[in-house]
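What follows is a short report on a single structure.
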2 protein chains.
Amino acid sequence: MHWRNYFIPTTKETPKDATAASHVLMLRAGLIRQLAAGVYTYLPLGFRCLRKVERIVREEMDRAGAIELRMPCLTPLSLWDESGRSRTMTDVLLRLDGAVWDWAAGLVLGPTHEEIITELARAYLKSYKQLPINLYQIQLKFRGEARPKSGVLRTREFLMKDAYSFHDCKPSLDKEYDNMYAAYCRIFARSGLPYLAVEADTGAMGGDASHEFMVLTDAGEDRVAVSANGDYAANLERATAAPPREGEAPAEPPREVHTPNAGRIDEVCPVLGLPPRQMIKTLIYTATEGPAAAGAARNLAPGAGNVAPGAGNVAADPRVGRGAPRKLRIVALVRGDHEINELKLNRAAGLTLELADPETIEALTGAKVGFAGPQGLIDRIDKLIIDREVAVLRNAASGANKTDYHVTGVNPGRDFPLSGDKVVVADIRTVAEGDPSPTGSGSPLHLRTAIEVGHVFKLGTKYSAALGAVYLDQNGKACPLIMGCYGIGLNRILAAAIEAHHDDAGIIWPMSIAPFEVLVLALDPRDEEVMRVATQIHDELAAAGIDVLFDDRDERAGFKFKDADLIGIPLRVVVGKKSLTAGGVEVTERGKEGKPIMSPASVVEQTVRRVREELAKLAR
Amino acid sequence: MHWRNYFIPTTKETPKDATAASHVLMLRAGLIRQLAAGVYTYLPLGFRCLRKVERIVREEMDRAGAIELRMPCLTPLSLWDESGRSRTMTDVLLRLDGAVWDWAAGLVLGPTHEEIITELARAYLKSYKQLPINLYQIQLKFRGEARPKSGVLRTREFLMKDAYSFHDCKPSLDKEYDNMYAAYCRIFARSGLPYLAVEADTGAMGGDASHEFMVLTDAGEDRVAVSANGDYAANLERATAAPPREGEAPAEPPREVHTPNAGRIDEVCPVLGLPPRQMIKTLIYTATEGPAAAGAARNLAPGAGNVAPGAGNVAADPRVGRGAPRKLRIVALVRGDHEINELKLNRAAGLTLELADPETIEALTGAKVGFAGPQGLIDRIDKLIIDREVAVLRNAASGANKTDYHVTGVNPGRDFPLSGDKVVVADIRTVAEGDPSPTGSGSPLHLRTAIEVGHVFKLGTKYSAALGAVYLDQNGKACPLIMGCYGIGLNRILAAAIEAHHDDAGIIWPMSIAPFEVLVLALDPRDEEVMRVATQIHDELAAAGIDVLFDDRDERAGFKFKDADLIGIPLRVVVGKKSLTAGGVEVTERGKEGKPIMSPASVVEQTVRRVREELAKLAR
């Protein structure tokens with residue numbers, strides 16, 4: 001490809017809101033152009049990268065035995081009604097306007113395709129003999145993303161690979177889950193990503209396994225906990241630390257302390273002379289009777305939507321709202337230096353909890369907000385959920401259930417129960433920097449930000465049950481299909497690769513997803529000999545099947561080198577008068593030192609070998 | 001690929017409304033599944049075909065020097081406002097609902113991308129040095145199709161290849177137009193389509209050349225006129241016949257005839273004893289002063305939207321509606337046996353005409369509808385547009401401008417003017433079956449229905465002028481970019497191929513776009529030797545790079561043969577006990593006679609050769 005006839009609008013200007021390196025560099029290198037907020041055109045160079053990613057994904061999915069099809073973007077609202085997600089995902093589903101055509105109001109742009117594939121399975125998968133099967137597509141998705149940001153990382157239109165597997169038993173799902181997990185590892189490795197598979201939350205309705213594939217970078221919006229020795233990695237929502245050890249100090253008697261206007265941990269600690277880790281935070285929640293519907297909360301989890309096929313978004317339970325539901329009161333306890341994790345809390349409660357309003361709190365505790373404590377509450381509430389770190393405290397402090405008073409010498413088991421019908425002791429907090437790994441190694445956990453590029457999820461029968469997608473088993477019994485789903489955000493692979501591989505001058509593409517593998521740069525295109533040699537090298541590389549770009553532009557050398565650094569083609573063959581006189585051409589690798597001179601006669605062969613070597617290394 | 005592990009849901013059932021062969025067979029062969037009206041899932045087999053078409057299109061576009069990029073489906077309404085098409089294409093543009101998010105109401109699903117590419121050109125193409133350039137994409141399109149029908153022929157979501165070229169002069173556009181025309185010929189030939197390039201209407205605003213690529217079939221919705229000797233082909237909207245010869249009969253005097261309640265041609269002819277070809281139909285139109293905006297009419301042209309990148313839809317002229325526009329009265333005359341062609345009429349008028357209401361007609365003619373004639377009207381109207389076939393009539397009949405009366409002996413030039421400021425003589429009728437070709441050969445035109453699969457169009461500066469996309473020429477002068485646009489409907493290529501190649505038993509795929517090139521059919525999969533031989537043939541074909549499907553299902557032979565005929569894989573290798581005993585395997589070609597027996601040792605080599613031969617034939 002001749003640069004002169006191609007279209008690579010590199011630029012020095014980037015909008016002020018572009019802060020992520022991938023965003024800045026994709027704009028500067030002429031890979032993308034913003035058409036509307038969160039909506040991008042892939043310019044020729046960016047499109048080539050996207051196609052390469054698409055090809056890797058397709059090859060590995062095919063190799064793993066998944067079968068490709070293509071579902072539409074326009075999807076019937078009625079299917080979203082069947083699953084209940086037309087109610088829980090209102091802020092995500094982009095609906096069409098029905099002003100001109102009535103029928104348009106019945107259509108939704110698919111943000112994911114569980115409902116659509118489940119309808120398809122309902123129509124065709126009738127017998128256990130047709131199982132297992134894994135169907136996938138590479139297709140556009142649309143999301144009502146409130147705040148698009150970071151270039152292609154969080155957008156309203158994006159390209160996703162979504163796969164859905166169907167099974168007649170759990171072991172079959174487990175096997176395909178492992179198969180997909182392995183395929184994902186190959187996909188991300190081949191794409192040159194330094195990825196990490198982390199345990200992810202499975203939702204309160206109990207999908208039983210879920211992993212996210214993360215690329216650690218400051219530009220990410222996901223948070224993960226990774227142990228220093230690498231023996232543990234989990235999404236922060238899910239991460240857990242090693243269980244605490246029992247406190248050993250002798251129990252002191254409780255003592256009420258006047259703490260006027262000191263309702264917050266940071267206000268009361270100095271007054272009591274205690275560190276936050278000796279405090280008990282008492283949080284009051286309400287809930288409506290009935291099982292949890294964690295979906296609503298999860299829908300808002302940042303970033304999840306662009307790669308996970310909506311896995312966590314469960315159908316609203318049809319039982320909710322039947323009869324006259326009772327308002328429940330739940331109290332949760334975490335240590336003063338810990339953050340409560342509401343996903344864990346909901347799972348421990350088996351309910352979807354909401355923070356109580358001040359009136360409810362005051363009515364329950366008899367004190368203003370900020371002075372609640374667990375003492376004496378058990379008979380007046382429906383559930384007490386105690387973080388396991390609180391359960392081992394000795395001589396802690398909490399609110400006194402009396403405005404402007406706290407109690408010290410609070411001891412679990414004595415001052416509030418650790419067992420009984422209403423009591424749950426569980427891990428309900430978010431892990432903190434330095435917590436020990438739960439593996440037993442004790443290696444400290446570090447909290448990092450990351451880009452989620454993939455997600456595998458054992459869905460179970462959520463969607464098949466909701467939509468009535470059943471098969472007949474060997475005994476002729478109708479059973480809901482057991483499902484798994486597996487998503488990859490293709491655009492995010494590009495952005496994550498750039499985040500991981502760039503320097504001040506520009507992008508350093510992994511060979512496998514680079515728009516071109518080799519750049520032949522003619523230093524002085526007006527020199528006949530330079531052009532003859534450069535053209536020949538370009539043509540021979542192209543004939544050898546190498547993706548080669550030929551910078552034949554009549555521009556200054558410095559300008560061309562800057563562009564070359566910016567667009568980041570891995571290998572560069574520079575043909576100039578000076579080096580030709582010295583008997584050769586200069587070959588450099590983007591991001592590496594050294595400019596060996598090779599003879600024009602051998603450069604093609606050596607370059608081809610180097611490209612293949614690099615691709616093989618990534619595919620290993 | 002093993003059929004046993006694949007997903008080909010063939011069926012005998014098709015919905016009642018499926019009448020087109022392609023629609024019926026795509027459903028029966030398990031290629032597609034309807035998800036909503038005009039919205040289809042491509043099942044694995046159909047998706048493979050679509051990918052093959054996509055690959056042919058991409059290869060030929062790349063070979064022709066066009067540069068691929070990818071624009072989004074979500075497009076800003078503001079750009080459609082700039083071009084004026086948010087007003088003229090209201091029934092086509094699918095807008096998002098703004099109920100949850102305000103910003104969503106500002107987005108439109110692109111039915112074509114002229115506005116988007118022109119905005120891109122406005123941003124990047126600043127100098128004549130960057131021209132010419134041809135940018136293309138293969139991307140989904142969305143249309144507010146009122147009546148989706150015929151399977152994937154007329155849908156609300158479809159896959160289109162749309163290319164847009166930019167030039168600094170007319171000869172450059174002409175050259176690229178020819179280049180694209182040639183690329184299209186290669187694309188359709190390679191896809192195995194018996195296509196025909198026909199002249200198409202260029203719209204009243206005067207794009208100056210346009211061709212549609214048609215596949216003649218009864219399932220089509222387009223109408224074309226094709227001369228018997230093949231020297232002429234045009235879209236019926238555009239087609240013209242050889243000019244008429246002057247009538248020679250001596251002029252008779254006009255005579256008023258009482259024709260009570262006989263206002264229609266078929267009513268009055270028997271009364272007058274004249275054939276319809278001696279009648280003059282007098283049609284009264286109104287228009288608002290200002291140039292034509294043929295777009296509104298063209299938007300409704302059936303079928304056009306799925307392949308043409310909206311070429312004919314011109315921007316509403318901004319001058320329309322300024323000041324106090326006068327209502328114009330226009331009279332058009334065509335022969336009683338001819339149909340008026342409103343596109344031609346509008347072009348002749350230089351206006352967008354609308355049929356007048358009965359009140360206007362009666363006020364103008366002094367007679368009820370059905371009794372209008374051209375005599376004596378010229379001073380009361382703004383324009384008289386006479387079809388050239390009417391201009392040569394002698395002793396014709398027309399309405400008498402008097403209720404229940406006609407006039408015979410009407411002679412053009414004597415009874416109404418053939419020249420003057422207000423008079424236009426032009427071809428304003430639709431050609432009829434048997435009309436002589438306009439080439440001079442006199443070969444009779446035949447009217448046929450067809451599927452439009454592609455469209456090339458010289459746009460000129462319509463969009464660049466409307467959006468202010470200008471470049472600086474060699475003298476530093478800002479000029480609007482000169483544009484061409486080129487569309488192909490990928491889904492339609494599949495449907496058209498099936499329409500052209502099928503029999504009662506099913507599809508007969510051209511080798512190039514068949515989901516698989518070879519089907520290996522094991523007649524008795526429980527027989528070890530049969531399976532050994534069949535598996536070996538399958539594996540060797542696959543290793544040779546052949547797309548091969550292996551029917552290893554444990555089903556009856558008749559069932560498998562029926563499925564094989566239905567899905568239409570071009571080559572079939574049948575491995576059975578009987579033929580093995582006879583020393584070989586049976587090789588058949590779908591749609592052809594003969595079942596030669598080949599030795600298992602040579603069948604792979606011969607099959608590979610046959611596949612390559614066929615592909616080469618199509619690519620010739």
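Ligands are numbered from 1 in the order shown, chains are lettered A, B, ... in the order of the structure tokens, and residues start at 1 in each chain.
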Check: which chain B residues lie within 8 Å of chain A using only C-alpha atoms, as a ChimeraX atom specification: /B:5-7,9,35-36,39-47,67-76,90-91,94-98,100-101,104,124,133,144,146,157
Contacts of Ile138 in chain A within 8 Å, only C-alpha atoms, excl. fewer than 4 positions in-chain, as a ChimeraX atom specification: /A:54,70,159-162
What residues in range 111-248 of chain B get the DSSP label strand (DSSP E or B)? Please answer as a ChimeraX atom specification. /B:127,133-142,149,154,157-167,195-199,210-216,222-227,233-235
Do a neighbour search on range 567-578 of chain A at 9 Å with only C-alpha atoms, toss out local chain neighbours closer than 6 positions, and write the hits as a PDB file with N, CA and C atoms, in the first residue's frame.
```pdb
ATOM      1  N   THR A  10      -3.076  11.772  10.121  1.00  0.00           N
ATOM      2  CA  THR A  10      -2.444  11.994  11.429  1.00  0.00           C
ATOM      3  C   THR A  10      -2.613  13.466  11.812  1.00  0.00           C
ATOM      4  N   LEU A  25      -3.814   8.699  21.315  1.00  0.00           N
ATOM      5  CA  LEU A  25      -3.025   8.154  20.211  1.00  0.00           C
ATOM      6  C   LEU A  25      -3.908   7.642  19.063  1.00  0.00           C
ATOM      7  N   MET A  26      -5.076   7.115  19.378  1.00  0.00           N
ATOM      8  CA  MET A  26      -5.962   6.671  18.296  1.00  0.00           C
ATOM      9  C   MET A  26      -6.428   7.866  17.467  1.00  0.00           C
ATOM     10  N   ARG A  28      -4.659  10.842  17.290  1.00  0.00           N
ATOM     11  CA  ARG A  28      -3.499  11.456  16.647  1.00  0.00           C
ATOM     12  C   ARG A  28      -2.993  10.618  15.475  1.00  0.00           C
ATOM     13  N   ALA A  29      -3.063   9.314  15.607  1.00  0.00           N
ATOM     14  CA  ALA A  29      -2.556   8.442  14.536  1.00  0.00           C
ATOM     15  C   ALA A  29      -3.568   8.264  13.410  1.00  0.00           C
ATOM     16  N   GLY A  30      -4.719   8.931  13.535  1.00  0.00           N
ATOM     17  CA  GLY A  30      -5.706   8.829  12.455  1.00  0.00           C
ATOM     18  C   GLY A  30      -6.364   7.466  12.384  1.00  0.00           C
ATOM     19  N   LEU A  31      -6.588   6.846  13.541  1.00  0.00           N
ATOM     20  CA  LEU A  31      -7.260   5.542  13.552  1.00  0.00           C
ATOM     21  C   LEU A  31      -8.772   5.694  13.633  1.00  0.00           C
ATOM     22  N   LEU A  45      -6.795   3.084   8.780  1.00  0.00           N
ATOM     23  CA  LEU A  45      -5.762   2.436   9.590  1.00  0.00           C
ATOM     24  C   LEU A  45      -6.378   1.729  10.806  1.00  0.00           C
ATOM     25  N   HIS A 502       2.973   1.656  24.243  1.00  0.00           N
ATOM     26  CA  HIS A 502       3.169   2.952  23.599  1.00  0.00           C
ATOM     27  C   HIS A 502       4.321   3.666  24.304  1.00  0.00           C
ATOM     28  N   ALA A 505       6.290   8.943  21.800  1.00  0.00           N
ATOM     29  CA  ALA A 505       6.221   9.267  20.375  1.00  0.00           C
ATOM     30  C   ALA A 505       5.015   8.649  19.689  1.00  0.00           C
ATOM     31  N   GLY A 506       4.432   7.643  20.301  1.00  0.00           N
ATOM     32  CA  GLY A 506       3.274   7.034  19.647  1.00  0.00           C
ATOM     33  C   GLY A 506       3.037   5.592  20.042  1.00  0.00           C
ATOM     34  N   ILE A 507       2.328   4.911  19.164  1.00  0.00           N
ATOM     35  CA  ILE A 507       1.911   3.530  19.410  1.00  0.00           C
ATOM     36  C   ILE A 507       3.063   2.561  19.093  1.00  0.00           C
ATOM     37  N   ILE A 508       3.111   1.446  19.806  1.00  0.00           N
ATOM     38  CA  ILE A 508       4.053   0.366  19.473  1.00  0.00           C
ATOM     39  C   ILE A 508       3.204  -0.894  19.304  1.00  0.00           C
ATOM     40  N   TRP A 509       2.707  -1.132  18.097  1.00  0.00           N
ATOM     41  CA  TRP A 509       1.753  -2.226  17.880  1.00  0.00           C
ATOM     42  C   TRP A 509       2.373  -3.605  18.063  1.00  0.00           C
ATOM     43  N   PRO A 510       1.625  -4.495  18.716  1.00  0.00           N
ATOM     44  CA  PRO A 510       1.987  -5.918  18.601  1.00  0.00           C
ATOM     45  C   PRO A 510       1.855  -6.309  17.126  1.00  0.00           C
ATOM     46  N   MET A 511       2.741  -7.162  16.661  1.00  0.00           N
ATOM     47  CA  MET A 511       2.754  -7.536  15.242  1.00  0.00           C
ATOM     48  C   MET A 511       1.389  -8.032  14.766  1.00  0.00           C
ATOM     49  N   ALA A 514      -1.218  -5.035  14.330  1.00  0.00           N
ATOM     50  CA  ALA A 514      -0.741  -3.800  13.702  1.00  0.00           C
ATOM     51  C   ALA A 514      -1.448  -3.614  12.367  1.00  0.00           C
ATOM     52  N   PRO A 515      -1.745  -2.377  11.997  1.00  0.00           N
ATOM     53  CA  PRO A 515      -2.430  -2.152  10.715  1.00  0.00           C
ATOM     54  C   PRO A 515      -1.565  -2.648   9.549  1.00  0.00           C
ATOM     55  N   PHE A 516      -0.269  -2.444   9.657  1.00  0.00           N
ATOM     56  CA  PHE A 516       0.685  -3.025   8.708  1.00  0.00           C
ATOM     57  C   PHE A 516       1.816  -3.629   9.527  1.00  0.00           C
ATOM     58  N   GLU A 517       2.440  -4.646   8.993  1.00  0.00           N
ATOM     59  CA  GLU A 517       3.522  -5.301   9.717  1.00  0.00           C
ATOM     60  C   GLU A 517       4.849  -4.591   9.482  1.00  0.00           C
ATOM     61  N   VAL A 518       4.990  -4.076   8.278  1.00  0.00           N
ATOM     62  CA  VAL A 518       6.255  -3.446   7.903  1.00  0.00           C
ATOM     63  C   VAL A 518       5.987  -2.106   7.243  1.00  0.00           C
ATOM     64  N   LEU A 519       6.815  -1.125   7.587  1.00  0.00           N
ATOM     65  CA  LEU A 519       6.768   0.170   6.913  1.00  0.00           C
ATOM     66  C   LEU A 519       8.061   0.333   6.124  1.00  0.00           C
ATOM     67  N   VAL A 520       7.931   0.520   4.830  1.00  0.00           N
ATOM     68  CA  VAL A 520       9.101   0.852   4.017  1.00  0.00           C
ATOM     69  C   VAL A 520       9.086   2.362   3.830  1.00  0.00           C
ATOM     70  N   LEU A 521      10.167   2.997   4.269  1.00  0.00           N
ATOM     71  CA  LEU A 521      10.187   4.457   4.253  1.00  0.00           C
ATOM     72  C   LEU A 521      11.289   4.929   3.291  1.00  0.00           C
ATOM     73  N   ALA A 522      10.852   5.599   2.231  1.00  0.00           N
ATOM     74  CA  ALA A 522      11.821   6.133   1.264  1.00  0.00           C
ATOM     75  C   ALA A 522      12.212   7.530   1.738  1.00  0.00           C
ATOM     76  N   LEU A 523      13.491   7.665   2.108  1.00  0.00           N
ATOM     77  CA  LEU A 523      13.913   8.938   2.718  1.00  0.00           C
ATOM     78  C   LEU A 523      13.875  10.095   1.737  1.00  0.00           C
ATOM     79  N   ASP A 524      14.270   9.855   0.528  1.00  0.00           N
ATOM     80  CA  ASP A 524      14.196  10.925  -0.463  1.00  0.00           C
ATOM     81  C   ASP A 524      13.519  10.409  -1.722  1.00  0.00           C
ATOM     82  N   PRO A 525      12.188  10.551  -1.775  1.00  0.00           N
ATOM     83  CA  PRO A 525      11.428   9.955  -2.872  1.00  0.00           C
ATOM     84  C   PRO A 525      11.748  10.593  -4.227  1.00  0.00           C
ATOM     85  N   ASP A 527      14.799  10.825  -5.281  1.00  0.00           N
ATOM     86  CA  ASP A 527      15.996  10.143  -5.763  1.00  0.00           C
ATOM     87  C   ASP A 527      15.588   8.832  -6.444  1.00  0.00           C
ATOM     88  N   GLU A 529      17.240   6.147  -7.461  1.00  0.00           N
ATOM     89  CA  GLU A 529      17.763   4.895  -6.938  1.00  0.00           C
ATOM     90  C   GLU A 529      17.059   4.526  -5.632  1.00  0.00           C
ATOM     91  N   VAL A 530      16.862   5.528  -4.763  1.00  0.00           N
ATOM     92  CA  VAL A 530      16.133   5.286  -3.511  1.00  0.00           C
ATOM     93  C   VAL A 530      14.754   4.715  -3.821  1.00  0.00           C
ATOM     94  N   MET A 531      14.046   5.322  -4.752  1.00  0.00           N
ATOM     95  CA  MET A 531      12.695   4.866  -5.062  1.00  0.00           C
ATOM     96  C   MET A 531      12.702   3.485  -5.711  1.00  0.00           C
ATOM     97  N   VAL A 533      14.905   1.035  -5.220  1.00  0.00           N
ATOM     98  CA  VAL A 533      15.173   0.033  -4.185  1.00  0.00           C
ATOM     99  C   VAL A 533      13.981  -0.104  -3.240  1.00  0.00           C
ATOM    100  N   ALA A 534      13.448   1.028  -2.809  1.00  0.00           N
ATOM    101  CA  ALA A 534      12.322   0.995  -1.857  1.00  0.00           C
ATOM    102  C   ALA A 534      11.107   0.315  -2.472  1.00  0.00           C
ATOM    103  N   ILE A 537      11.647  -3.420  -2.614  1.00  0.00           N
ATOM    104  CA  ILE A 537      11.473  -4.042  -1.287  1.00  0.00           C
ATOM    105  C   ILE A 537       9.994  -4.130  -0.938  1.00  0.00           C
ATOM    106  N   LEU A 549       3.315  -1.160   4.250  1.00  0.00           N
ATOM    107  CA  LEU A 549       2.945   0.207   3.888  1.00  0.00           C
ATOM    108  C   LEU A 549       4.206   0.894   3.383  1.00  0.00           C
ATOM    109  N   GLY A 584      23.548  -0.494   2.071  1.00  0.00           N
ATOM    110  CA  GLY A 584      22.360  -1.192   2.554  1.00  0.00           C
ATOM    111  C   GLY A 584      21.212  -0.296   2.955  1.00  0.00           C
ATOM    112  N   VAL A 585      20.238  -0.878   3.615  1.00  0.00           N
ATOM    113  CA  VAL A 585      19.093  -0.149   4.138  1.00  0.00           C
ATOM    114  C   VAL A 585      19.039  -0.382   5.646  1.00  0.00           C
ATOM    115  N   GLU A 586      18.402   0.581   6.334  1.00  0.00           N
ATOM    116  CA  GLU A 586      18.379   0.548   7.786  1.00  0.00           C
ATOM    117  C   GLU A 586      17.109  -0.171   8.233  1.00  0.00           C
ATOM    118  N   VAL A 587      17.212  -1.098   9.153  1.00  0.00           N
ATOM    119  CA  VAL A 587      16.022  -1.794   9.644  1.00  0.00           C
ATOM    120  C   VAL A 587      15.882  -1.547  11.144  1.00  0.00           C
ATOM    121  N   THR A 588      14.741  -1.013  11.558  1.00  0.00           N
ATOM    122  CA  THR A 588      14.543  -0.789  12.983  1.00  0.00           C
ATOM    123  C   THR A 588      13.239  -1.439  13.415  1.00  0.00           C
ATOM    124  N   GLU A 589      13.185  -1.721  14.732  1.00  0.00           N
ATOM    125  CA  GLU A 589      11.937  -2.227  15.284  1.00  0.00           C
ATOM    126  C   GLU A 589      11.371  -1.146  16.191  1.00  0.00           C
ATOM    127  N   ARG A 590      10.112  -0.830  16.008  1.00  0.00           N
ATOM    128  CA  ARG A 590       9.459   0.206  16.797  1.00  0.00           C
ATOM    129  C   ARG A 590       9.559  -0.155  18.280  1.00  0.00           C
ATOM    130  N   GLY A 591      10.068   0.791  19.074  1.00  0.00           N
ATOM    131  CA  GLY A 591      10.159   0.579  20.512  1.00  0.00           C
ATOM    132  C   GLY A 591      11.418  -0.128  20.941  1.00  0.00           C
ATOM    133  N   VAL A 603      17.275  -8.054   2.791  1.00  0.00           N
ATOM    134  CA  VAL A 603      16.351  -7.436   3.747  1.00  0.00           C
ATOM    135  C   VAL A 603      14.952  -8.044   3.684  1.00  0.00           C
ATOM    136  N   THR A 607      13.244  -9.719   6.842  1.00  0.00           N
ATOM    137  CA  THR A 607      12.052  -9.061   7.376  1.00  0.00           C
ATOM    138  C   THR A 607      10.880 -10.046   7.452  1.00  0.00           C
ATOM    139  N   ARG A 610      11.411 -12.219  10.360  1.00  0.00           N
ATOM    140  CA  ARG A 610      11.171 -11.518  11.622  1.00  0.00           C
ATOM    141  C   ARG A 610       9.665 -11.381  11.904  1.00  0.00           C
ATOM    142  N   VAL A 611       8.883 -11.076  10.875  1.00  0.00           N
ATOM    143  CA  VAL A 611       7.425 -10.961  11.047  1.00  0.00           C
ATOM    144  C   VAL A 611       6.854 -12.294  11.506  1.00  0.00           C
TER     145      VAL A 611
END
```
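Nearest to Asp435 in chain B of all the residues B:Met89, B:Leu447, B:Ala241, B:Ala219 is B:Ala241, based on only C-alpha atoms.
The shortest atom-to-atom distance to His446 in chain A, with only C-alpha atoms taken into account, belongs to A:Arg223 out of A:Arg223, A:Arg609, A:Lys422, A:Arg51.
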Separating CA of Ala396 in chain B from CA of Glu248 in chain B, to the nearest tenth of an Å, is a gap of 12.5 Å
Need the shell around Leu333 in chain B: protein/DNA/RNA residues with any atom at most 6 Å away, counting only C-alpha atoms. Skip same-chain ones fewer than 4 positions apart. Format as a list in words?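 Here the answer would be Lys281, Thr282, Ile386 and Asp387 of chain B.
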Which parts of range 141-349 of chain B does DSSP call helix (DSSP H, G or I) when run on the backbone here, written out as number ranges by chain? B: 151-153, 170-190, 265-272, 276-278, 295-299, 304-306, 342-349
Show me, as JSON, numbers by chain, the residues that have an atom within 9 Å of range 483-491 of chain B when counting only C-alpha atoms, minus same-chain residues fewer than 5 positions from it. {"B": [50, 53, 54, 57, 114, 134, 136, 138, 152, 153, 158, 159, 160, 161, 162, 163, 164, 165, 166, 167, 168, 173, 174, 176, 177, 180, 181, 184, 213, 306, 307, 308, 309, 310, 311, 452, 453, 454, 455, 456, 457, 458, 459, 460, 461, 462, 463, 464, 496]}
Please determine, counting only C-alpha atoms, which residue among A:Leu618, A:Ile498, A:Ile385, A:Ala557 has the shortest atom-to-atom distance to Gly350 in chain A.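 Closest candidate: A:Ile385.
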Neighbours of range 262-272 of chain B within 12 Å (only C-alpha atoms; same-chain residues fewer than 4 positions away dropped), as number ranges by chain? B: 255-258, 276-282, 334-339, 367-373, 396-409
Which neighbours of range 193-199 of chain B fall inside 6 Å, counting only C-alpha atoms, when residues of the same chain fewer than 2 positions from it are skipped, and could you give them as a list in words?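 Answer for this query is Phe188, Ala189, Ser191, His211, Glu212, Phe213, Met214, Val215, Ala233, Ala234, Asn235 and Ala497 of chain B.
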Store the residues picked out above in a file with N, CA and C atoms, as a PDB file, in the first residue's frame.
```pdb
ATOM      1  N   PHE B 188     -20.321  -9.123  -9.578  1.00  0.00           N
ATOM      2  CA  PHE B 188     -21.539  -9.892  -9.839  1.00  0.00           C
ATOM      3  C   PHE B 188     -21.240 -11.153 -10.649  1.00  0.00           C
ATOM      4  N   ALA B 189     -20.280 -11.035 -11.551  1.00  0.00           N
ATOM      5  CA  ALA B 189     -19.893 -12.233 -12.313  1.00  0.00           C
ATOM      6  C   ALA B 189     -19.297 -13.279 -11.377  1.00  0.00           C
ATOM      7  N   SER B 191     -19.882 -13.646  -8.333  1.00  0.00           N
ATOM      8  CA  SER B 191     -20.941 -14.175  -7.458  1.00  0.00           C
ATOM      9  C   SER B 191     -21.889 -15.106  -8.208  1.00  0.00           C
ATOM     10  N   HIS B 211     -26.135   3.949 -13.260  1.00  0.00           N
ATOM     11  CA  HIS B 211     -26.501   2.622 -13.736  1.00  0.00           C
ATOM     12  C   HIS B 211     -26.910   1.745 -12.556  1.00  0.00           C
ATOM     13  N   GLU B 212     -27.902   0.946 -12.795  1.00  0.00           N
ATOM     14  CA  GLU B 212     -28.278  -0.065 -11.817  1.00  0.00           C
ATOM     15  C   GLU B 212     -27.880  -1.431 -12.351  1.00  0.00           C
ATOM     16  N   PHE B 213     -27.453  -2.293 -11.426  1.00  0.00           N
ATOM     17  CA  PHE B 213     -27.124  -3.669 -11.798  1.00  0.00           C
ATOM     18  C   PHE B 213     -28.288  -4.549 -11.370  1.00  0.00           C
ATOM     19  N   MET B 214     -28.870  -5.207 -12.341  1.00  0.00           N
ATOM     20  CA  MET B 214     -30.112  -5.926 -12.134  1.00  0.00           C
ATOM     21  C   MET B 214     -29.942  -7.418 -12.400  1.00  0.00           C
ATOM     22  N   VAL B 215     -30.720  -8.202 -11.663  1.00  0.00           N
ATOM     23  CA  VAL B 215     -30.845  -9.619 -11.982  1.00  0.00           C
ATOM     24  C   VAL B 215     -32.312  -9.842 -12.346  1.00  0.00           C
ATOM     25  N   ALA B 233     -30.848  -1.442 -22.425  1.00  0.00           N
ATOM     26  CA  ALA B 233     -31.470  -1.857 -21.165  1.00  0.00           C
ATOM     27  C   ALA B 233     -31.532  -0.657 -20.254  1.00  0.00           C
ATOM     28  N   ALA B 234     -32.673  -0.421 -19.678  1.00  0.00           N
ATOM     29  CA  ALA B 234     -32.810   0.724 -18.772  1.00  0.00           C
ATOM     30  C   ALA B 234     -33.880   0.435 -17.740  1.00  0.00           C
ATOM     31  N   ASN B 235     -33.716   1.057 -16.592  1.00  0.00           N
ATOM     32  CA  ASN B 235     -34.765   1.048 -15.591  1.00  0.00           C
ATOM     33  C   ASN B 235     -36.020   1.653 -16.214  1.00  0.00           C
ATOM     34  N   ALA B 497     -29.068 -14.730  -6.329  1.00  0.00           N
ATOM     35  CA  ALA B 497     -28.397 -15.956  -6.789  1.00  0.00           C
ATOM     36  C   ALA B 497     -29.337 -17.143  -6.679  1.00  0.00           C
TER      37      ALA B 497
END
```
